[in-house]
file entry_16.pdb (PDB, C-alpha atoms, pLDDT in the B column)
MODEL        1
ATOM      1  CA  MET A   1     131.478 132.480  91.387  1.00 40.00           C
ATOM      2  CA  SER A   2     129.829 131.375  94.651  1.00 44.00           C
ATOM      3  CA  GLU A   3     126.673 133.348  93.836  1.00 55.00           C
ATOM      4  CA  ASP A   4     126.122 131.221  90.722  1.00 63.00           C
ATOM      5  CA  PHE A   5     125.872 127.935  92.642  1.00 72.00           C
ATOM      6  CA  GLU A   6     122.718 126.091  91.696  1.00 78.00           C
ATOM      7  CA  LEU A   7     122.314 122.561  93.022  1.00 80.00           C
ATOM      8  CA  ASP A   8     120.790 120.276  90.409  1.00 84.00           C
ATOM      9  CA  THR A   9     117.841 119.144  92.531  1.00 85.00           C
ATOM     10  CA  ASP A  10     116.171 117.733  89.412  1.00 89.00           C
ATOM     11  CA  ASP A  11     119.068 115.295  89.033  1.00 91.00           C
ATOM     12  CA  LEU A  12     118.820 114.297  92.708  1.00 91.00           C
ATOM     13  CA  GLN A  13     115.048 113.903  92.335  1.00 93.00           C
ATOM     14  CA  ARG A  14     115.508 111.775  89.209  1.00 94.00           C
ATOM     15  CA  ARG A  15     118.021 109.508  90.936  1.00 94.00           C
ATOM     16  CA  MET A  16     115.755 109.125  93.989  1.00 94.00           C
ATOM     17  CA  ASP A  17     112.799 108.385  91.697  1.00 94.00           C
ATOM     18  CA  GLY A  18     114.965 105.702  90.086  1.00 93.00           C
ATOM     19  CA  ALA A  19     115.469 104.057  93.481  1.00 93.00           C
ATOM     20  CA  MET A  20     111.702 104.211  94.027  1.00 94.00           C
ATOM     21  CA  ALA A  21     110.992 102.685  90.589  1.00 93.00           C
ATOM     22  CA  ASN A  22     113.451  99.892  91.338  1.00 91.00           C
ATOM     23  CA  LEU A  23     111.644  99.244  94.638  1.00 91.00           C
ATOM     24  CA  ARG A  24     108.285  99.013  92.840  1.00 89.00           C
ATOM     25  CA  THR A  25     109.779  96.506  90.381  1.00 85.00           C
ATOM     26  CA  GLU A  26     111.178  94.404  93.223  1.00 84.00           C
ATOM     27  CA  PHE A  27     107.831  94.549  95.050  1.00 85.00           C
ATOM     28  CA  ALA A  28     106.019  93.442  91.883  1.00 79.00           C
ATOM     29  CA  SER A  29     108.197  90.338  91.711  1.00 74.00           C
ATOM     30  CA  LEU A  30     107.163  89.298  95.226  1.00 76.00           C
ATOM     31  CA  ARG A  31     104.487  86.642  95.143  1.00 66.00           C
ATOM     32  CA  THR A  32     101.424  87.686  97.149  1.00 67.00           C
ATOM     33  CA  GLY A  33      99.119  84.753  96.445  1.00 67.00           C
ATOM     34  CA  ARG A  34      97.655  86.437  93.368  1.00 73.00           C
ATOM     35  CA  ALA A  35      98.925  85.622  89.921  1.00 77.00           C
ATOM     36  CA  SER A  36     100.825  88.385  88.146  1.00 79.00           C
ATOM     37  CA  ALA A  37     102.843  88.363  84.932  1.00 81.00           C
ATOM     38  CA  SER A  38     105.429  90.648  86.565  1.00 81.00           C
ATOM     39  CA  MET A  39     106.371  87.957  89.085  1.00 81.00           C
ATOM     40  CA  LEU A  40     108.225  86.192  86.250  1.00 85.00           C
ATOM     41  CA  GLU A  41     110.267  89.266  85.219  1.00 82.00           C
ATOM     42  CA  PRO A  42     113.389  88.289  87.202  1.00 80.00           C
ATOM     43  CA  VAL A  43     113.378  84.762  85.702  1.00 86.00           C
ATOM     44  CA  MET A  44     115.979  84.363  82.949  1.00 90.00           C
ATOM     45  CA  VAL A  45     116.015  81.478  80.460  1.00 92.00           C
ATOM     46  CA  ASP A  46     119.194  80.123  78.852  1.00 90.00           C
ATOM     47  CA  ALA A  47     117.962  80.433  75.270  1.00 87.00           C
ATOM     48  CA  TYR A  48     119.993  80.548  72.071  1.00 85.00           C
ATOM     49  CA  GLY A  49     123.244  80.749  74.033  1.00 87.00           C
ATOM     50  CA  ALA A  50     122.251  83.841  76.015  1.00 90.00           C
ATOM     51  CA  SER A  51     120.373  84.598  79.211  1.00 90.00           C
ATOM     52  CA  THR A  52     116.968  85.829  78.013  1.00 89.00           C
ATOM     53  CA  PRO A  53     113.988  87.241  79.955  1.00 91.00           C
ATOM     54  CA  ILE A  54     111.064  84.834  80.028  1.00 90.00           C
ATOM     55  CA  ASN A  55     108.751  87.312  78.260  1.00 88.00           C
ATOM     56  CA  GLN A  56     111.054  87.199  75.204  1.00 91.00           C
ATOM     57  CA  VAL A  57     110.675  83.447  74.652  1.00 92.00           C
ATOM     58  CA  GLY A  58     106.901  83.253  75.045  1.00 92.00           C
ATOM     59  CA  THR A  59     103.659  85.015  75.857  1.00 92.00           C
ATOM     60  CA  VAL A  60     102.940  85.403  79.576  1.00 92.00           C
ATOM     61  CA  ASN A  61      99.222  85.502  80.447  1.00 92.00           C
ATOM     62  CA  VAL A  62      97.130  85.514  83.617  1.00 91.00           C
ATOM     63  CA  PRO A  63      93.908  83.676  82.649  1.00 91.00           C
ATOM     64  CA  GLU A  64      92.647  83.379  86.254  1.00 89.00           C
ATOM     65  CA  PRO A  65      93.590  84.893  89.632  1.00 84.00           C
ATOM     66  CA  ARG A  66      95.670  81.874  90.676  1.00 85.00           C
ATOM     67  CA  MET A  67      97.157  80.812  87.331  1.00 90.00           C
ATOM     68  CA  VAL A  68      99.902  82.141  85.061  1.00 91.00           C
ATOM     69  CA  THR A  69     100.424  80.590  81.634  1.00 94.00           C
ATOM     70  CA  ILE A  70     103.409  80.901  79.339  1.00 93.00           C
ATOM     71  CA  ASN A  71     102.897  80.044  75.682  1.00 94.00           C
ATOM     72  CA  VAL A  72     106.463  79.258  74.567  1.00 92.00           C
ATOM     73  CA  TRP A  73     107.040  80.167  70.920  1.00 92.00           C
ATOM     74  CA  ASP A  74     109.895  77.747  70.241  1.00 90.00           C
ATOM     75  CA  LYS A  75     109.050  74.140  71.132  1.00 91.00           C
ATOM     76  CA  SER A  76     112.725  73.335  71.807  1.00 91.00           C
ATOM     77  CA  LEU A  77     112.801  75.903  74.665  1.00 90.00           C
ATOM     78  CA  VAL A  78     109.885  74.500  76.695  1.00 91.00           C
ATOM     79  CA  GLY A  79     112.182  72.360  78.868  1.00 90.00           C
ATOM     80  CA  LYS A  80     114.603  75.243  79.443  1.00 91.00           C
ATOM     81  CA  VAL A  81     111.778  77.605  80.437  1.00 91.00           C
ATOM     82  CA  GLU A  82     110.380  74.997  82.840  1.00 91.00           C
ATOM     83  CA  LYS A  83     113.851  74.461  84.338  1.00 90.00           C
ATOM     84  CA  ALA A  84     114.389  78.223  84.753  1.00 90.00           C
ATOM     85  CA  ILE A  85     111.069  78.564  86.623  1.00 88.00           C
ATOM     86  CA  ARG A  86     111.831  75.586  88.889  1.00 88.00           C
ATOM     87  CA  GLU A  87     115.268  76.993  89.749  1.00 86.00           C
ATOM     88  CA  SER A  88     114.086  80.597  90.200  1.00 79.00           C
ATOM     89  CA  GLY A  89     113.117  80.170  93.849  1.00 71.00           C
ATOM     90  CA  LEU A  90     109.554  81.394  93.261  1.00 74.00           C
ATOM     91  CA  GLY A  91     108.178  78.251  94.880  1.00 74.00           C
ATOM     92  CA  ILE A  92     105.968  77.472  91.886  1.00 82.00           C
ATOM     93  CA  ASN A  93     105.717  74.035  90.271  1.00 87.00           C
ATOM     94  CA  PRO A  94     105.263  74.373  86.474  1.00 91.00           C
ATOM     95  CA  GLN A  95     102.922  71.999  84.625  1.00 91.00           C
ATOM     96  CA  LEU A  96     103.496  71.279  80.939  1.00 91.00           C
ATOM     97  CA  ASN A  97     100.739  71.083  78.336  1.00 90.00           C
ATOM     98  CA  GLY A  98     102.418  70.982  74.909  1.00 87.00           C
ATOM     99  CA  THR A  99     104.066  74.375  74.379  1.00 86.00           C
ATOM    100  CA  ILE A 100     101.999  75.944  77.164  1.00 92.00           C
ATOM    101  CA  ILE A 101     103.454  75.993  80.663  1.00 93.00           C
ATOM    102  CA  MET A 102     100.879  76.487  83.416  1.00 93.00           C
ATOM    103  CA  LEU A 103     101.930  77.883  86.777  1.00 90.00           C
ATOM    104  CA  PRO A 104      99.288  77.349  89.471  1.00 89.00           C
ATOM    105  CA  ILE A 105      99.893  79.828  92.282  1.00 83.00           C
ATOM    106  CA  PRO A 106      99.439  78.044  95.630  1.00 79.00           C
ATOM    107  CA  GLU A 107      97.923  79.700  98.704  1.00 79.00           C
ATOM    108  CA  LEU A 108     100.557  81.245 100.921  1.00 77.00           C
ATOM    109  CA  ASN A 109     100.807  79.869 104.448  1.00 83.00           C
ATOM    110  CA  GLU A 110     101.372  82.157 107.429  1.00 85.00           C
ATOM    111  CA  GLU A 111     105.096  81.380 107.704  1.00 84.00           C
ATOM    112  CA  ARG A 112     105.707  82.112 104.013  1.00 81.00           C
ATOM    113  CA  ARG A 113     103.760  85.381 104.323  1.00 84.00           C
ATOM    114  CA  ARG A 114     105.991  86.488 107.219  1.00 86.00           C
ATOM    115  CA  ASP A 115     109.096  85.569 105.195  1.00 84.00           C
ATOM    116  CA  LEU A 116     107.835  87.622 102.245  1.00 85.00           C
ATOM    117  CA  THR A 117     107.192  90.655 104.482  1.00 88.00           C
ATOM    118  CA  LYS A 118     110.807  90.386 105.679  1.00 89.00           C
ATOM    119  CA  VAL A 119     112.025  90.246 102.072  1.00 86.00           C
ATOM    120  CA  ALA A 120     109.868  93.294 101.283  1.00 90.00           C
ATOM    121  CA  GLY A 121     111.476  95.055 104.249  1.00 92.00           C
ATOM    122  CA  GLN A 122     114.937  94.253 102.880  1.00 91.00           C
ATOM    123  CA  TYR A 123     113.974  95.647  99.465  1.00 91.00           C
ATOM    124  CA  ALA A 124     112.699  98.823 101.144  1.00 94.00           C
ATOM    125  CA  GLU A 125     115.929  99.164 103.142  1.00 95.00           C
ATOM    126  CA  HIS A 126     117.973  98.892  99.921  1.00 93.00           C
ATOM    127  CA  ALA A 127     115.839 101.691  98.442  1.00 95.00           C
ATOM    128  CA  ARG A 128     116.377 103.848 101.552  1.00 96.00           C
ATOM    129  CA  VAL A 129     120.144 103.298 101.316  1.00 96.00           C
ATOM    130  CA  SER A 130     120.089 104.309  97.623  1.00 95.00           C
ATOM    131  CA  ILE A 131     118.153 107.470  98.477  1.00 95.00           C
ATOM    132  CA  ARG A 132     120.573 108.308 101.298  1.00 96.00           C
ATOM    133  CA  ASN A 133     123.504 107.829  98.902  1.00 95.00           C
ATOM    134  CA  VAL A 134     121.937 110.375  96.541  1.00 94.00           C
ATOM    135  CA  ARG A 135     121.482 112.706  99.550  1.00 95.00           C
ATOM    136  CA  ARG A 136     125.164 112.276 100.444  1.00 95.00           C
ATOM    137  CA  ASP A 137     126.164 113.161  96.874  1.00 94.00           C
ATOM    138  CA  GLY A 138     124.066 116.327  97.061  1.00 93.00           C
ATOM    139  CA  MET A 139     125.555 117.279 100.435  1.00 93.00           C
ATOM    140  CA  ASP A 140     129.063 116.688  99.056  1.00 93.00           C
ATOM    141  CA  GLN A 141     128.327 119.089  96.179  1.00 91.00           C
ATOM    142  CA  ILE A 142     127.153 121.681  98.704  1.00 91.00           C
ATOM    143  CA  LYS A 143     130.299 121.229 100.861  1.00 91.00           C
ATOM    144  CA  LYS A 144     132.475 121.634  97.774  1.00 91.00           C
ATOM    145  CA  ALA A 145     130.633 124.849  96.852  1.00 88.00           C
ATOM    146  CA  LYS A 146     131.045 126.070 100.464  1.00 88.00           C
ATOM    147  CA  ALA A 147     134.792 125.514 100.135  1.00 89.00           C
ATOM    148  CA  ASP A 148     134.668 127.556  96.913  1.00 88.00           C
ATOM    149  CA  GLY A 149     133.149 130.490  98.786  1.00 87.00           C
ATOM    150  CA  MET A 150     129.397 129.865  99.120  1.00 85.00           C
ATOM    151  CA  SER A 151     127.743 131.822 101.937  1.00 89.00           C
ATOM    152  CA  GLU A 152     126.587 129.954 105.027  1.00 89.00           C
ATOM    153  CA  ASP A 153     122.968 130.999 104.427  1.00 91.00           C
ATOM    154  CA  ASP A 154     123.057 129.472 100.942  1.00 89.00           C
ATOM    155  CA  GLN A 155     124.652 126.346 102.360  1.00 90.00           C
ATOM    156  CA  LYS A 156     121.872 125.969 104.939  1.00 92.00           C
ATOM    157  CA  PHE A 157     119.218 126.616 102.279  1.00 92.00           C
ATOM    158  CA  TRP A 158     120.533 123.931  99.915  1.00 91.00           C
ATOM    159  CA  GLU A 159     121.126 121.445 102.729  1.00 92.00           C
ATOM    160  CA  SER A 160     117.515 121.865 103.865  1.00 94.00           C
ATOM    161  CA  GLU A 161     116.312 121.435 100.244  1.00 92.00           C
ATOM    162  CA  VAL A 162     118.229 118.159  99.908  1.00 93.00           C
ATOM    163  CA  GLN A 163     117.055 116.965 103.333  1.00 95.00           C
ATOM    164  CA  ASP A 164     113.404 117.784 102.538  1.00 95.00           C
ATOM    165  CA  LEU A 165     113.664 115.860  99.281  1.00 94.00           C
ATOM    166  CA  THR A 166     115.259 112.909 101.105  1.00 95.00           C
ATOM    167  CA  ASN A 167     112.598 112.911 103.847  1.00 96.00           C
ATOM    168  CA  LYS A 168     109.829 112.961 101.233  1.00 95.00           C
ATOM    169  CA  MET A 169     111.302 110.004  99.339  1.00 95.00           C
ATOM    170  CA  ILE A 170     111.985 107.955 102.510  1.00 96.00           C
ATOM    171  CA  ALA A 171     108.348 108.541 103.546  1.00 96.00           C
ATOM    172  CA  ALA A 172     107.228 107.295 100.107  1.00 95.00           C
ATOM    173  CA  VAL A 173     109.360 104.146 100.549  1.00 95.00           C
ATOM    174  CA  ASP A 174     107.863 103.529 104.001  1.00 95.00           C
ATOM    175  CA  GLU A 175     104.347 104.016 102.642  1.00 95.00           C
ATOM    176  CA  ALA A 176     104.994 101.610  99.753  1.00 93.00           C
ATOM    177  CA  LEU A 177     106.399  99.055 102.220  1.00 94.00           C
ATOM    178  CA  GLU A 178     103.347  99.285 104.488  1.00 94.00           C
ATOM    179  CA  THR A 179     101.036  98.823 101.493  1.00 92.00           C
ATOM    180  CA  LYS A 180     102.998  95.822 100.223  1.00 90.00           C
ATOM    181  CA  GLN A 181     103.170  94.189 103.649  1.00 89.00           C
ATOM    182  CA  ALA A 182      99.406  94.610 104.083  1.00 88.00           C
ATOM    183  CA  GLU A 183      98.888  93.067 100.624  1.00 85.00           C
ATOM    184  CA  ILE A 184     101.126  90.094 101.509  1.00 84.00           C
ATOM    185  CA  MET A 185      99.474  89.448 104.880  1.00 83.00           C
ATOM    186  CA  GLN A 186      95.955  89.693 103.399  1.00 79.00           C
ATOM    187  CA  VAL A 187      94.411  86.209 103.277  1.00 64.00           C
TER     188      VAL A 187
ENDMDL
END
call {"tool": "encode", "arguments": {"input": "entry_16.pdb", "output": "structure tokens"}}
result
Amino acid sequence: MSEDFELDTDDLQRRMDGAMANLRTEFASLRTGRASASMLEPVMVDAYGASTPINQVGTVNVPEPRMVTINVWDKSLVGKVEKAIRESGLGINPQLNGTIIMLPIPELNEERRRDLTKVAGQYAEHARVSIRNVRRDGMDQIKKAKADGMSEDDQKFWESEVQDLTNKMIAAVDEALETKQAEIMQV
């Protein structure tokens, strides 16, 4: 029975990749001074009695580097979309033009840039914790197999496999964080 033990490293890899994908999504929502349609992804609008993503009530465009426009499809939702953006904490002041909402992206000052790098660091730490939780799950599976009669050599082999995978993913998180912080601090 112990000889048949095969740790599902693909599952661990998939779960760690999920943490990395979540980190990329969170990084995309951070405002860096350049306009991006993805910065509006976390904004939810109270439309038709349900909380709806902003891209499902209108078309989000980036016509220029410092401007995002939202062409709201339903005229009755324009006020709700504007309210959702104001209350989102993005620090953007929407301007109405009929059914089109324009979002001019202001320059970031030095203090705001430092704050955003700290937020990016928090996002990266959450990703590291998620990756370590996956590592712990893998190590628990190995310990359980050891209790069921796995040899010590096999245990060491699988533990090193899980640790190598974890180290690789943590390094990827750190690299993504450095890139994002450089992008935020770039004037």
call {"tool": "residues_around", "arguments": {"input": "entry_16.pdb", "residues": "Asn55 of chain A", "least_positions_apart": "3", "cutoff": "9 Å", "atoms": "all atoms listed in the file", "output": "PyMOL selection string"}}
result
chain A and resi 37+40-41+52+58-60+70
call {"tool": "write_last_selection", "arguments": {"input": "entry_16.pdb", "atoms": "C-alpha atoms", "output": "PDB file, in the coordinates of the input"}}
result
ATOM      1  CA  ALA A  37     102.843  88.363  84.932  1.00 81.00           C
ATOM      2  CA  LEU A  40     108.225  86.192  86.250  1.00 85.00           C
ATOM      3  CA  GLU A  41     110.267  89.266  85.219  1.00 82.00           C
ATOM      4  CA  THR A  52     116.968  85.829  78.013  1.00 89.00           C
ATOM      5  CA  GLY A  58     106.901  83.253  75.045  1.00 92.00           C
ATOM      6  CA  THR A  59     103.659  85.015  75.857  1.00 92.00           C
ATOM      7  CA  VAL A  60     102.940  85.403  79.576  1.00 92.00           C
ATOM      8  CA  ILE A  70     103.409  80.901  79.339  1.00 93.00           C
TER       9      ILE A  70
END
call {"tool": "resolve_selection", "arguments": {"input": "entry_16.pdb", "expression": "the PyMOL selection byres ((chain A and resi 140-147) around 8)", "output": "list in words"}}
result
Ser2, Phe5, Leu7, Arg136, Asp137, Gly138, Met139, Asp148, Gly149, Met150, Ser151, Glu152, Gln155, Trp158 and Glu159 of chain A
call {"tool": "resolve_selection", "arguments": {"input": "entry_16.pdb", "expression": "the PyMOL selection byres ((chain A and resi 180) around 10)", "output": "compact mmCIF listing (two decimals) with C-alpha atoms, keeping the file's coordinate frame"}}
result
# COMPACT_ATOMS: atom_id res chain seq x y z
CA ARG A 24 108.28 99.01 92.84
CA PHE A 27 107.83 94.55 95.05
CA ALA A 28 106.02 93.44 91.88
CA LEU A 30 107.16 89.30 95.23
CA THR A 32 101.42 87.69 97.15
CA LEU A 116 107.84 87.62 102.24
CA THR A 117 107.19 90.66 104.48
CA ALA A 120 109.87 93.29 101.28
CA GLY A 121 111.48 95.06 104.25
CA ASP A 174 107.86 103.53 104.00
CA GLU A 175 104.35 104.02 102.64
CA ALA A 176 104.99 101.61 99.75
CA LEU A 177 106.40 99.06 102.22
CA GLU A 178 103.35 99.28 104.49
CA THR A 179 101.04 98.82 101.49
CA GLN A 181 103.17 94.19 103.65
CA ALA A 182 99.41 94.61 104.08
CA GLU A 183 98.89 93.07 100.62
CA ILE A 184 101.13 90.09 101.51
CA MET A 185 99.47 89.45 104.88
CA GLN A 186 95.96 89.69 103.40
call {"tool": "axis_aligned_box", "arguments": {"input": "entry_16.pdb", "around": "segment 168-176 of chain A", "padding_each_side": "5 Å", "output": "JSON"}}
result
{"center_x": 108.2, "center_y": 107.3, "center_z": 101.7, "size_x": 17.6, "size_y": 21.4, "size_z": 14.7}
call {"tool": "closest_residue", "arguments": {"input": "entry_16.pdb", "among": "A:Gln163, A:Ala19, A:Met67, A:Phe157", "to": "Glu125 of chain A", "atoms": "all atoms listed in the file"}}
result
A:Ala19
call {"tool": "resolve_selection", "arguments": {"input": "entry_16.pdb", "expression": "the PyMOL selection byres ((chain A and resi 90) around 9)", "output": "VMD selection string"}}
result
chain A and resid 30 to 31 39 to 40 85 to 89 91 to 93
call {"tool": "residues_around", "arguments": {"input": "entry_16.pdb", "residues": "Leu165 of chain A", "least_positions_apart": "3", "cutoff": "9 Å", "atoms": "all atoms listed in the file", "output": "JSON, numbers by chain"}}
result
{"A": [9, 12, 13, 16, 135, 160, 161, 162, 168, 169, 170]}
call {"tool": "closest_residue", "arguments": {"input": "entry_16.pdb", "among": "A:Asp153, A:Glu107, A:Asp164, A:Glu26", "to": "His126 of chain A", "atoms": "only C-alpha atoms"}}
result
A:Glu26
call {"tool": "atom_distance", "arguments": {"input": "entry_16.pdb", "atom1": "atom CA of Ala84 of chain A", "atom2": "atom CA of Met20 of chain A"}}
result
27.7 Å
call {"tool": "atom_distance", "arguments": {"input": "entry_16.pdb", "atom1": "atom CA of Leu96 of chain A", "atom2": "atom CA of Thr25 of chain A"}}
result
27.7 Å
call {"tool": "residues_around", "arguments": {"input": "entry_16.pdb", "residues": "Asn97 of chain A", "least_positions_apart": "4", "cutoff": "10 Å", "atoms": "all atoms listed in the file", "output": "list in words"}}
result
Asn71, Val78, Ile101 and Met102 of chain A
call {"tool": "closest_residue", "arguments": {"input": "entry_16.pdb", "among": "A:Arg132, A:Lys156, A:Arg34, A:Lys75", "to": "Leu108 of chain A", "atoms": "all atoms listed in the file"}}
result
A:Arg34
call {"tool": "atom_distance", "arguments": {"input": "entry_16.pdb", "atom1": "atom CA of Asp46 of chain A", "atom2": "atom CA of Lys80 of chain A"}}
result
6.7 Å
call {"tool": "closest_residue", "arguments": {"input": "entry_16.pdb", "among": "A:Asp17, A:Asp11, A:Val81, A:Ser29", "to": "Pro53 of chain A", "atoms": "all atoms listed in the file"}}
result
A:Val81
call {"tool": "decode", "arguments": {"input": "entry_16.pdb", "residues": "segment 64-80 of chain A", "atoms": "N, CA and C atoms", "output": "CSV table (one decimal), in the first residue's frame"}}
result
chain,number,residue,atom,x,y,z
A,64,GLU,N,-7.9,57.1,-23.9
A,64,GLU,CA,-6.6,57.8,-23.7
A,64,GLU,C,-5.9,57.3,-22.5
A,65,PRO,N,-4.6,57.5,-22.4
A,65,PRO,CA,-3.9,56.9,-21.2
A,65,PRO,C,-4.4,57.3,-19.8
A,66,ARG,N,-5.0,58.5,-19.7
A,66,ARG,CA,-5.5,58.9,-18.4
A,66,ARG,C,-7.0,59.1,-18.4
A,67,MET,N,-7.7,58.3,-19.1
A,67,MET,CA,-9.2,58.4,-19.2
A,67,MET,C,-9.8,57.0,-19.4
A,68,VAL,N,-10.8,56.7,-18.5
A,68,VAL,CA,-11.6,55.6,-18.7
A,68,VAL,C,-13.0,56.0,-18.9
A,69,THR,N,-13.7,55.5,-19.9
A,69,THR,CA,-15.1,55.8,-20.1
A,69,THR,C,-16.0,54.6,-20.0
A,70,ILE,N,-17.2,54.8,-19.5
A,70,ILE,CA,-18.2,53.8,-19.3
A,70,ILE,C,-19.4,54.2,-20.0
A,71,ASN,N,-19.8,53.5,-21.1
A,71,ASN,CA,-21.0,53.8,-21.8
A,71,ASN,C,-22.1,52.9,-21.2
A,72,VAL,N,-23.0,53.5,-20.3
A,72,VAL,CA,-24.0,52.7,-19.6
A,72,VAL,C,-25.1,52.5,-20.6
A,73,TRP,N,-25.6,51.2,-20.6
A,73,TRP,CA,-26.6,50.8,-21.6
A,73,TRP,C,-28.0,51.3,-21.2
A,74,ASP,N,-28.3,51.2,-19.9
A,74,ASP,CA,-29.6,51.6,-19.4
A,74,ASP,C,-29.5,52.9,-18.7
A,75,LYS,N,-30.2,53.9,-19.3
A,75,LYS,CA,-30.1,55.3,-18.8
A,75,LYS,C,-30.5,55.4,-17.3
A,76,SER,N,-31.4,54.5,-16.8
A,76,SER,CA,-31.8,54.6,-15.4
A,76,SER,C,-30.7,54.2,-14.5
A,77,LEU,N,-29.6,53.6,-15.0
A,77,LEU,CA,-28.5,53.1,-14.1
A,77,LEU,C,-27.4,54.0,-14.0
A,78,VAL,N,-27.4,55.1,-14.8
A,78,VAL,CA,-26.2,56.0,-14.8
A,78,VAL,C,-25.9,56.5,-13.4
A,79,GLY,N,-26.9,57.0,-12.7
A,79,GLY,CA,-26.7,57.5,-11.3
A,79,GLY,C,-26.1,56.4,-10.4
A,80,LYS,N,-26.6,55.2,-10.5
A,80,LYS,CA,-26.2,54.1,-9.6
A,80,LYS,C,-24.7,53.7,-10.0
